[in-house]
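Enquirer: Structure below; questions to follow.
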Number of protein chains: 2
Amino acid sequence: MRASIQPPVVLVIAGNDPSGGAGLAADMQAITALAAHPAPVVTALTVQDTVNAYQVEAVAAELVRAQAETVLQDMPVAAIKLGLLANAAIGQSVAALLRQHRNIPVVLDPVLVAAGGAPLAEQALVAVYLEQLLPLATVVTPNAVESRRLAPQAEAAAGRAAELLARGAQHVLVKGADENTPDVQNTLFGRDGRPREFTWPRLPGNYHGSGCTLASAIAALIARGYAVPEAVEQAQAYTWKTLQQGWRLGKGQTIPNRRAMP
Amino acid sequence: MRASIQPPVVLVIAGNDPSGGAGLAADMQAITALAAHPAPVVTALTVQDTVNAYQVEAVAAELVRAQAETVLQDMPVAAIKLGLLANAAIGQSVAALLRQHRNIPVVLDPVLVAAGGAPLAEQALVAVYLEQLLPLATVVTPNAVESRRLAPQAEAAAGRAAELLARGAQHVLVKGADENTPDVQNTLFGRDGRPREFTWPRLPGNYHGSGCTLASAIAALIARGYAVPEAVEQAQAYTWKTLQQGWRLGKGQTIPNRRAMP
């Protein structure tokens, strides 16, 4: 007996983390757990463990595009998740591809720095995010550090989100796990002028791949038909559980347990 | 509350398939479903869909080794799964690494050809399998075509398995899904001279990633402490369910549903 309901396809364009904590492994696990099918396009290989990232080798932009195009021609893609893009050439190539598929929702996680602090992307990618990718993003999910890199002039989260919305993003989820607050405060800004605030108990320790998990969960839920605010809320609940049930498998940060059920 | 039982780590050394049907996505899903933690090392990027593979770009052997070494230094690896190695240089580099970690069980899936028929590895890799990797393999899982490529002199499956055992592999699972038999016959050969036969009802259609799913499932179960015959039997039961519950998400072969429960 075949399962009658086919999972929607989420095209993931991201880097590989050999620890399996972050990157494509995190994306594969989160999207699968939330009942969608992940199709992985590799942008970069990293040499990385649970402590930090030591090497980033970007893939040729044409090869990134060839991987993605073969999936888009073969399968009905219901959402696209962008993780590490590594450099401006890949960012431009991905933007050109997305412009040919404007009907597909895009979750943009603007990855710039590893959990351990090492830079993962070249500075020139920031301009590509601002000028070419934000106009195509359904949801963009910067943490506090990334939101300051993308909107350095603005002083508060609301101002930074307003800048990213002005660039063309439809929703901005500013995450606060990397802020010094007792609880974690995430805020979803949209075009209706009514920010939605989410508060999560801050868990002890540091986590490897929480941002990848959250962005992929949002993409999977959007692919399944959830409206953005509901997808963002449920994805946070799932991600929080994966952190709460996480394991310290290596010498560094805790790895989320993405088999956790919300 | 943290989960108290940590999953064992399975180091996966394999290629990426952007369709998510085979390769690293299949490995991530199968290993996660069977309650182990996958750590993915990328050997090659492919341009591939559910119909066939169109391009294989091997990663530099030193980068394959650097990815794997950082995981082995950071985490307790309980099993290693080898999928697509793509060329002789990568095969040699992986063999050198495995010789430094002889206590870790190795599941070797000798991938040579895509489900659609396209070659995935260079011919020179066959000699590296025979001379360097089989002596390090706990289980090797060739399909009929691969077993004939690895042991072209032998006439029957038993003779081919005997050759691979003589090369140093501890167990050989000769798979028969690609033979013209009414049921699928898989046979596990070991050093005790008593082959174990497994018969599975042949499912209609063609599948993309069944070999990756099976080898990764075996590795996950060995990592969890199962003896090889039990791991091989349970992994087949799981894989058969993933095929039975699979979906035709693209224009070609059916993709296994790796959330299936055995």
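Residue names in the structure tokens use chain letters A, B, ... in the order shown, residue numbers from 1 in each chain, and ligand numbers from 1 in the order shown.
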Based on DSSP run over this structure's backbone, return all residues of region 15-66 of chain B in helix (DSSP H, G or I), as a list in words.

Expert: Gly23, Leu24, Ala25, Ala26, Asp27, Met28, Gln29, Ala30, Ile31, Thr32, Ala33, Ala61, Glu62, Leu63, Val64, Arg65 and Ala66 of chain B

Enquirer: Set the distance at 9 Å and use only C-alpha atoms: which residues neighbour Gln123 (chain B) once local chain neighbours fewer than 2 positions away are removed? I'd like the list as an NGL selection string.

Expert: :B and (87-88 or 112 or 121 or 125-127)

Enquirer: Would you write out those residues with N, CA and C atoms, as a PDB file, in the first residue's frame?

Expert:
ATOM      1  N   ASN B  87      36.454   8.418  -7.622  1.00  0.00           N
ATOM      2  CA  ASN B  87      37.700   8.148  -8.343  1.00  0.00           C
ATOM      3  C   ASN B  87      38.734   7.473  -7.437  1.00  0.00           C
ATOM      4  N   ALA B  88      39.804   7.030  -8.062  1.00  0.00           N
ATOM      5  CA  ALA B  88      40.816   6.255  -7.346  1.00  0.00           C
ATOM      6  C   ALA B  88      41.519   7.088  -6.286  1.00  0.00           C
ATOM      7  N   LEU B 112      29.031   2.304  -8.460  1.00  0.00           N
ATOM      8  CA  LEU B 112      29.725   2.489  -9.736  1.00  0.00           C
ATOM      9  C   LEU B 112      28.828   3.125 -10.793  1.00  0.00           C
ATOM     10  N   ALA B 121      31.523   6.496 -11.320  1.00  0.00           N
ATOM     11  CA  ALA B 121      32.896   6.397 -10.817  1.00  0.00           C
ATOM     12  C   ALA B 121      33.818   5.990 -11.948  1.00  0.00           C
ATOM     13  N   LEU B 125      38.798   3.099  -9.966  1.00  0.00           N
ATOM     14  CA  LEU B 125      38.361   2.903  -8.576  1.00  0.00           C
ATOM     15  C   LEU B 125      38.151   1.421  -8.267  1.00  0.00           C
ATOM     16  N   VAL B 126      37.821   0.622  -9.270  1.00  0.00           N
ATOM     17  CA  VAL B 126      37.581  -0.811  -9.028  1.00  0.00           C
ATOM     18  C   VAL B 126      38.807  -1.469  -8.400  1.00  0.00           C
ATOM     19  N   ALA B 127      39.974  -1.154  -8.909  1.00  0.00           N
ATOM     20  CA  ALA B 127      41.203  -1.739  -8.342  1.00  0.00           C
ATOM     21  C   ALA B 127      41.419  -1.289  -6.902  1.00  0.00           C
TER      22      ALA B 127
END

Enquirer: Distance table requested - chain A against chain B, cut-off 6 Å, only C-alpha atoms: one row per qualifying residue with the closest atom pair and its distance in Å to one decimal, ordered by chain and rising residue number, as a Markdown table.

Expert:
| residue | atom | partner | partner_atom | distance |
| --- | --- | --- | --- | --- |
| A:Arg2 | CA | B:Gln245 | CA | 4.7 |
| A:Ala3 | CA | B:Gln245 | CA | 5.5 |
| A:Pro18 | CA | B:Pro40 | CA | 4.6 |
| A:Ser19 | CA | B:Ala39 | CA | 4.9 |
| A:Gly20 | CA | B:Ala39 | CA | 4.5 |
| A:Pro38 | CA | B:Gly20 | CA | 6.0 |
| A:Ala39 | CA | B:Gly20 | CA | 4.5 |
| A:Pro40 | CA | B:Pro18 | CA | 4.6 |
| A:Val41 | CA | B:Pro18 | CA | 5.2 |
| A:Val47 | CA | B:Gln67 | CA | 4.9 |
| A:Gln67 | CA | B:Val47 | CA | 4.9 |
| A:Val71 | CA | B:Ser19 | CA | 5.8 |
| A:Asp74 | CA | B:Gly250 | CA | 5.1 |
| A:Met75 | CA | B:Gly250 | CA | 4.6 |
| A:Gln245 | CA | B:Arg2 | CA | 4.7 |
| A:Gly250 | CA | B:Met75 | CA | 4.6 |
| A:Lys251 | CA | B:Asp74 | CA | 5.9 |

Enquirer: Could the residues in this selection be written to a file with N, CA and C atoms, as a PDB file, in the first residue's frame?

Expert:
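Saved the output as result01.pdb:
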ATOM      1  N   ARG A   2       0.656   2.077  -0.962  1.00  0.00           N
ATOM      2  CA  ARG A   2       1.423   3.306  -1.043  1.00  0.00           C
ATOM      3  C   ARG A   2       0.775   4.405  -0.200  1.00  0.00           C
ATOM      4  N   ALA A   3       1.630   5.228   0.407  1.00  0.00           N
ATOM      5  CA  ALA A   3       1.114   6.409   1.086  1.00  0.00           C
ATOM      6  C   ALA A   3       0.469   7.288   0.031  1.00  0.00           C
ATOM      7  N   PRO A  18      30.317  18.722   7.880  1.00  0.00           N
ATOM      8  CA  PRO A  18      30.544  17.291   8.099  1.00  0.00           C
ATOM      9  C   PRO A  18      30.214  16.808   9.508  1.00  0.00           C
ATOM     10  N   SER A  19      30.062  17.704  10.472  1.00  0.00           N
ATOM     11  CA  SER A  19      29.652  17.242  11.803  1.00  0.00           C
ATOM     12  C   SER A  19      28.192  16.804  11.827  1.00  0.00           C
ATOM     13  N   GLY A  20      27.432  17.211  10.814  1.00  0.00           N
ATOM     14  CA  GLY A  20      26.013  16.886  10.800  1.00  0.00           C
ATOM     15  C   GLY A  20      25.191  17.740  11.752  1.00  0.00           C
ATOM     16  N   PRO A  38      13.244  16.967   1.079  1.00  0.00           N
ATOM     17  CA  PRO A  38      14.329  17.905   0.818  1.00  0.00           C
ATOM     18  C   PRO A  38      15.131  17.515  -0.423  1.00  0.00           C
ATOM     19  N   ALA A  39      15.436  18.501  -1.263  1.00  0.00           N
ATOM     20  CA  ALA A  39      16.275  18.314  -2.447  1.00  0.00           C
ATOM     21  C   ALA A  39      17.502  19.214  -2.277  1.00  0.00           C
ATOM     22  N   PRO A  40      18.668  18.620  -1.982  1.00  0.00           N
ATOM     23  CA  PRO A  40      19.825  19.418  -1.555  1.00  0.00           C
ATOM     24  C   PRO A  40      20.773  19.843  -2.682  1.00  0.00           C
ATOM     25  N   VAL A  41      20.966  21.140  -2.804  1.00  0.00           N
ATOM     26  CA  VAL A  41      21.937  21.714  -3.734  1.00  0.00           C
ATOM     27  C   VAL A  41      23.105  22.247  -2.899  1.00  0.00           C
ATOM     28  N   VAL A  47      35.115  22.431   6.271  1.00  0.00           N
ATOM     29  CA  VAL A  47      35.779  21.570   7.247  1.00  0.00           C
ATOM     30  C   VAL A  47      35.395  22.174   8.590  1.00  0.00           C
ATOM     31  N   GLN A  67      22.908  22.144 -10.520  1.00  0.00           N
ATOM     32  CA  GLN A  67      22.248  21.246  -9.552  1.00  0.00           C
ATOM     33  C   GLN A  67      20.790  21.668  -9.343  1.00  0.00           C
ATOM     34  N   VAL A  71      16.762  19.903 -10.573  1.00  0.00           N
ATOM     35  CA  VAL A  71      15.648  19.617  -9.652  1.00  0.00           C
ATOM     36  C   VAL A  71      14.395  20.373 -10.078  1.00  0.00           C
ATOM     37  N   ASP A  74      12.658  18.738 -12.857  1.00  0.00           N
ATOM     38  CA  ASP A  74      12.168  17.368 -12.649  1.00  0.00           C
ATOM     39  C   ASP A  74      11.008  17.290 -11.673  1.00  0.00           C
ATOM     40  N   MET A  75      10.973  18.185 -10.687  1.00  0.00           N
ATOM     41  CA  MET A  75      10.017  18.051  -9.587  1.00  0.00           C
ATOM     42  C   MET A  75       9.237  19.345  -9.369  1.00  0.00           C
ATOM     43  N   GLN A 245      16.031  18.826  23.457  1.00  0.00           N
ATOM     44  CA  GLN A 245      16.341  17.391  23.446  1.00  0.00           C
ATOM     45  C   GLN A 245      17.688  17.112  22.771  1.00  0.00           C
ATOM     46  N   GLY A 250      29.966  16.016  20.267  1.00  0.00           N
ATOM     47  CA  GLY A 250      31.394  16.296  20.094  1.00  0.00           C
ATOM     48  C   GLY A 250      31.887  17.143  21.250  1.00  0.00           C
ATOM     49  N   LYS A 251      33.013  17.805  21.012  1.00  0.00           N
ATOM     50  CA  LYS A 251      33.640  18.561  22.102  1.00  0.00           C
ATOM     51  C   LYS A 251      33.066  19.966  22.255  1.00  0.00           C
TER      52      LYS A 251
END

Enquirer: Would you write out chain A as a CSV table (one decimal) with C-alpha atoms, in the first residue's frame, after superposing it on chain B by least squares over all in-order Cα pairs?

Expert:
chain,number,residue,atom,x,y,z
A,1,MET,CA,14.6,17.4,30.0
A,2,ARG,CA,17.3,16.0,27.9
A,3,ALA,CA,17.1,12.7,26.1
A,4,SER,CA,19.4,10.5,28.1
A,5,ILE,CA,20.6,8.1,25.3
A,6,GLN,CA,22.9,9.8,22.8
A,7,PRO,CA,22.8,8.4,19.3
A,8,PRO,CA,25.9,6.7,18.0
A,9,VAL,CA,27.7,8.7,15.2
A,10,VAL,CA,27.9,7.3,11.7
A,11,LEU,CA,30.5,8.9,9.5
A,12,VAL,CA,29.2,8.9,5.9
A,13,ILE,CA,31.6,9.4,3.0
A,14,ALA,CA,29.5,9.8,-0.1
A,15,GLY,CA,28.3,11.9,-3.0
A,16,ASN,CA,25.4,14.4,-3.1
A,17,ASP,CA,22.3,13.9,-5.3
A,18,PRO,CA,20.3,17.1,-5.6
A,19,SER,CA,17.1,15.2,-6.1
A,20,GLY,CA,17.3,14.0,-2.5
A,21,GLY,CA,16.5,10.5,-3.7
A,22,ALA,CA,19.9,8.9,-3.4
A,23,GLY,CA,23.3,9.9,-2.0
A,24,LEU,CA,23.9,11.9,1.1
A,25,ALA,CA,20.2,12.9,1.6
A,26,ALA,CA,19.2,9.2,1.6
A,27,ASP,CA,22.0,8.5,4.0
A,28,MET,CA,21.0,11.4,6.4
A,29,GLN,CA,17.4,10.2,6.3
A,30,ALA,CA,18.0,6.5,6.8
A,31,ILE,CA,20.6,7.0,9.6
A,32,THR,CA,18.4,9.5,11.4
A,33,ALA,CA,15.3,7.3,11.1
A,34,LEU,CA,17.2,4.4,12.7
A,35,ALA,CA,18.2,6.6,15.7
A,36,ALA,CA,21.9,7.3,14.9
A,37,HIS,CA,23.6,10.6,14.1
A,38,PRO,CA,24.9,11.0,10.5
A,39,ALA,CA,28.1,13.0,9.9
A,40,PRO,CA,28.3,13.7,6.1
A,41,VAL,CA,31.6,13.9,4.2
A,42,VAL,CA,31.1,15.0,0.6
A,43,THR,CA,33.1,13.1,-2.1
A,44,ALA,CA,31.4,14.4,-5.2
A,45,LEU,CA,28.7,16.7,-6.4
A,46,THR,CA,26.3,15.3,-9.0
A,47,VAL,CA,23.9,17.0,-11.4
A,48,GLN,CA,21.1,14.4,-11.1
A,49,ASP,CA,17.4,14.0,-11.1
A,50,THR,CA,15.0,11.0,-10.6
A,51,VAL,CA,15.7,9.9,-14.2
A,52,ASN,CA,19.5,9.8,-14.4
A,53,ALA,CA,22.8,11.4,-13.5
A,54,TYR,CA,24.2,14.0,-15.9
A,55,GLN,CA,27.4,15.2,-14.3
A,56,VAL,CA,29.8,14.1,-11.6
A,57,GLU,CA,32.3,16.5,-10.1
A,58,ALA,CA,34.6,14.8,-7.7
A,59,VAL,CA,35.9,16.7,-4.7
A,60,ALA,CA,39.7,17.0,-4.2
A,61,ALA,CA,40.9,13.9,-2.2
A,62,GLU,CA,42.7,16.1,0.4
A,63,LEU,CA,39.4,17.9,1.1
A,64,VAL,CA,37.5,14.7,1.5
A,65,ARG,CA,40.2,13.6,4.0
A,66,ALA,CA,40.1,17.0,5.9
A,67,GLN,CA,36.3,16.8,6.3
A,68,ALA,CA,36.5,13.2,7.7
A,69,GLU,CA,39.5,13.9,9.9
A,70,THR,CA,37.8,16.8,11.7
A,71,VAL,CA,34.8,14.6,12.5
A,72,LEU,CA,36.9,11.7,13.7
A,73,GLN,CA,38.9,14.0,16.0
A,74,ASP,CA,35.7,15.6,17.4
A,75,MET,CA,33.3,12.8,17.9
A,76,PRO,CA,33.2,9.1,18.8
A,77,VAL,CA,32.4,7.5,15.4
A,78,ALA,CA,30.7,4.1,15.9
A,79,ALA,CA,30.5,3.1,12.2
A,80,ILE,CA,31.6,4.4,8.8
A,81,LYS,CA,29.5,4.1,5.6
A,82,LEU,CA,31.2,4.5,2.3
A,83,GLY,CA,29.0,5.4,-0.7
A,84,LEU,CA,30.1,7.0,-4.0
A,85,LEU,CA,33.9,7.6,-3.9
A,86,ALA,CA,34.0,8.7,-7.6
A,87,ASN,CA,37.7,8.2,-8.3
A,88,ALA,CA,40.8,6.2,-7.3
A,89,ALA,CA,42.5,9.2,-5.6
A,90,ILE,CA,39.5,9.6,-3.2
A,91,GLY,CA,39.4,5.8,-2.7
A,92,GLN,CA,43.1,5.7,-1.8
A,93,SER,CA,42.7,8.7,0.6
A,94,VAL,CA,39.7,7.1,2.3
A,95,ALA,CA,41.6,3.7,2.6
A,96,ALA,CA,44.6,5.5,4.2
A,97,LEU,CA,42.2,7.1,6.7
A,98,LEU,CA,40.4,3.9,7.6
A,99,ARG,CA,43.7,2.1,8.2
A,100,GLN,CA,44.2,4.6,11.1
A,101,HIS,CA,40.9,3.7,12.6
A,102,ARG,CA,40.7,-0.1,12.2
A,103,ASN,CA,38.5,-0.5,15.2
A,104,ILE,CA,35.5,1.2,13.5
A,105,PRO,CA,33.2,-1.0,11.5
A,106,VAL,CA,32.9,-0.1,7.8
A,107,VAL,CA,29.9,-0.6,5.5
A,108,LEU,CA,31.1,-0.4,1.9
A,109,ASP,CA,28.5,0.3,-0.8
A,110,PRO,CA,30.6,0.0,-4.0
A,111,VAL,CA,28.7,2.6,-6.1
A,112,LEU,CA,29.7,2.5,-9.7
A,113,VAL,CA,26.6,3.3,-11.8
A,114,ALA,CA,23.5,5.5,-11.3
A,115,ALA,CA,20.0,4.0,-11.0
A,116,GLY,CA,19.4,5.4,-14.5
A,117,GLY,CA,22.5,3.7,-15.9
A,118,ALA,CA,25.1,6.6,-16.1
A,119,PRO,CA,28.6,5.8,-14.8
A,120,LEU,CA,29.3,7.5,-11.5
A,121,ALA,CA,32.9,6.4,-10.8
A,122,GLU,CA,36.0,6.0,-12.9
A,123,GLN,CA,37.1,2.5,-13.8
A,124,ALA,CA,40.4,2.9,-11.8
A,125,LEU,CA,38.4,2.9,-8.6
A,126,VAL,CA,37.6,-0.8,-9.0
A,127,ALA,CA,41.2,-1.7,-8.4
A,128,VAL,CA,41.2,0.4,-5.2
A,129,TYR,CA,38.1,-1.3,-4.0
A,130,LEU,CA,39.7,-4.7,-4.5
A,131,GLU,CA,43.1,-4.0,-3.2
A,132,GLN,CA,42.7,-1.3,-0.5
A,133,LEU,CA,39.1,-1.0,0.6
A,134,LEU,CA,37.7,-4.6,0.7
A,135,PRO,CA,40.4,-5.6,3.3
A,136,LEU,CA,38.9,-2.9,5.6
A,137,ALA,CA,35.2,-3.6,5.0
A,138,THR,CA,33.0,-5.2,7.7
A,139,VAL,CA,30.2,-5.5,5.1
A,140,VAL,CA,30.2,-4.8,1.4
A,141,THR,CA,26.9,-4.5,-0.4
A,142,PRO,CA,27.2,-4.8,-4.2
A,143,ASN,CA,24.2,-5.3,-6.4
A,144,ALA,CA,24.4,-7.9,-9.2
A,145,VAL,CA,26.0,-5.5,-11.7
A,146,GLU,CA,28.6,-4.3,-9.2
A,147,SER,CA,29.4,-7.8,-8.0
A,148,ARG,CA,30.2,-8.7,-11.6
A,149,ARG,CA,32.4,-5.7,-12.0
A,150,LEU,CA,34.3,-6.5,-8.8
A,151,ALA,CA,34.6,-10.2,-9.5
A,152,PRO,CA,34.3,-10.7,-13.3
A,153,GLN,CA,35.9,-14.1,-13.4
A,154,ALA,CA,33.3,-15.9,-11.1
A,155,GLU,CA,30.2,-17.2,-12.6
A,156,ALA,CA,27.6,-17.3,-9.7
A,157,ALA,CA,26.9,-15.0,-6.8
A,158,ALA,CA,28.5,-17.4,-4.4
A,159,GLY,CA,31.7,-17.4,-6.4
A,160,ARG,CA,31.8,-13.7,-6.6
A,161,ALA,CA,31.2,-13.3,-2.9
A,162,ALA,CA,34.0,-15.8,-2.2
A,163,GLU,CA,36.4,-13.6,-4.2
A,164,LEU,CA,35.4,-10.5,-2.3
A,165,LEU,CA,35.8,-12.4,1.0
A,166,ALA,CA,39.2,-13.6,-0.1
A,167,ARG,CA,40.1,-9.9,-0.6
A,168,GLY,CA,39.5,-9.4,3.1
A,169,ALA,CA,35.9,-8.3,3.4
A,170,GLN,CA,34.3,-9.9,6.5
A,171,HIS,CA,30.7,-10.1,5.0
A,172,VAL,CA,29.4,-9.7,1.5
A,173,LEU,CA,25.7,-8.9,0.9
A,174,VAL,CA,25.0,-9.6,-2.8
A,175,LYS,CA,21.8,-7.8,-3.7
A,176,GLY,CA,19.5,-9.1,-6.4
A,177,ALA,CA,17.0,-6.3,-7.0
A,178,ASP,CA,18.7,-5.7,-10.4
A,179,GLU,CA,18.4,-9.4,-11.4
A,180,ASN,CA,15.5,-10.8,-13.5
A,181,THR,CA,13.9,-12.9,-10.7
A,182,PRO,CA,10.3,-12.9,-9.6
A,183,ASP,CA,11.2,-12.1,-6.0
A,184,VAL,CA,14.3,-10.1,-4.9
A,185,GLN,CA,16.9,-12.5,-3.6
A,186,ASN,CA,19.7,-11.0,-1.4
A,187,THR,CA,22.4,-13.3,0.1
A,188,LEU,CA,24.7,-12.5,3.0
A,189,PHE,CA,28.0,-14.4,2.8
A,190,GLY,CA,30.4,-14.5,5.8
A,191,ARG,CA,33.4,-16.4,6.9
A,192,ASP,CA,31.3,-19.1,8.5
A,193,GLY,CA,30.5,-20.8,5.2
A,194,ARG,CA,26.7,-20.6,5.7
A,195,PRO,CA,25.1,-18.0,3.4
A,196,ARG,CA,21.9,-16.4,4.7
A,197,GLU,CA,19.2,-15.9,2.0
A,198,PHE,CA,16.7,-13.2,2.2
A,199,THR,CA,13.7,-13.1,-0.1
A,200,TRP,CA,11.6,-9.9,-0.6
A,201,PRO,CA,8.5,-9.5,-2.8
A,202,ARG,CA,9.5,-7.5,-5.8
A,203,LEU,CA,7.8,-4.1,-5.9
A,204,PRO,CA,6.7,-2.6,-9.2
A,205,GLY,CA,8.7,0.2,-10.7
A,206,ASN,CA,12.2,1.5,-10.3
A,207,TYR,CA,13.7,3.1,-7.2
A,208,HIS,CA,16.2,5.9,-6.8
A,209,GLY,CA,18.4,5.5,-3.7
A,210,SER,CA,17.5,2.0,-2.5
A,211,GLY,CA,21.1,0.9,-2.3
A,212,CYS,CA,22.2,4.1,-0.3
A,213,THR,CA,19.2,3.5,2.1
A,214,LEU,CA,20.1,-0.1,2.7
A,215,ALA,CA,23.8,0.5,3.3
A,216,SER,CA,23.2,3.4,5.6
A,217,ALA,CA,20.6,1.5,7.5
A,218,ILE,CA,23.1,-1.4,8.0
A,219,ALA,CA,25.7,1.1,9.3
A,220,ALA,CA,23.3,2.8,11.7
A,221,LEU,CA,22.2,-0.6,13.2
A,222,ILE,CA,25.9,-1.8,13.5
A,223,ALA,CA,26.6,1.6,15.2
A,224,ARG,CA,23.8,0.8,17.6
A,225,GLY,CA,25.5,-2.5,18.5
A,226,TYR,CA,23.6,-5.1,16.3
A,227,ALA,CA,25.6,-8.0,15.0
A,228,VAL,CA,26.1,-8.0,11.3
A,229,PRO,CA,23.5,-10.6,10.4
A,230,GLU,CA,20.8,-8.9,12.5
A,231,ALA,CA,21.7,-5.5,11.2
A,232,VAL,CA,21.5,-6.7,7.6
A,233,GLU,CA,18.2,-8.4,8.1
A,234,GLN,CA,16.6,-5.4,9.9
A,235,ALA,CA,18.0,-2.9,7.4
A,236,GLN,CA,16.5,-4.9,4.6
A,237,ALA,CA,13.1,-4.8,6.3
A,238,TYR,CA,13.3,-1.1,6.8
A,239,THR,CA,14.5,-0.5,3.2
A,240,TRP,CA,11.7,-2.6,1.8
A,241,LYS,CA,9.1,-0.5,3.7
A,242,THR,CA,10.7,2.7,2.5
A,243,LEU,CA,10.3,1.4,-1.1
A,244,GLN,CA,6.8,0.1,-0.6
A,245,GLN,CA,5.8,3.5,0.8
A,246,GLY,CA,7.8,5.5,-1.7
A,247,TRP,CA,6.6,8.3,-3.9
A,248,ARG,CA,7.1,9.3,-7.5
A,249,LEU,CA,8.1,12.9,-6.9
A,250,GLY,CA,9.8,13.6,-10.2
A,251,LYS,CA,9.5,12.2,-13.7
A,252,GLY,CA,11.6,9.1,-13.2
A,253,GLN,CA,12.3,6.6,-10.4
A,254,THR,CA,10.3,6.3,-7.2
A,255,ILE,CA,12.0,7.9,-4.1
A,256,PRO,CA,11.9,5.8,-0.9
A,257,ASN,CA,10.0,7.2,2.0
A,258,ARG,CA,12.6,7.0,4.6
A,259,ARG,CA,10.3,8.0,7.4
A,260,ALA,CA,8.7,4.6,7.0
A,261,MET,CA,8.8,2.5,10.2
A,262,PRO,CA,9.7,-1.2,9.8

Enquirer: Any chance you could list, as a PyMOL selection string, the residues in region 35-156 of chain B that come up strand (DSSP E) when DSSP is run on the backbone?

Expert: chain B and resi 37-48+53-58+77-82+106-108+139-140
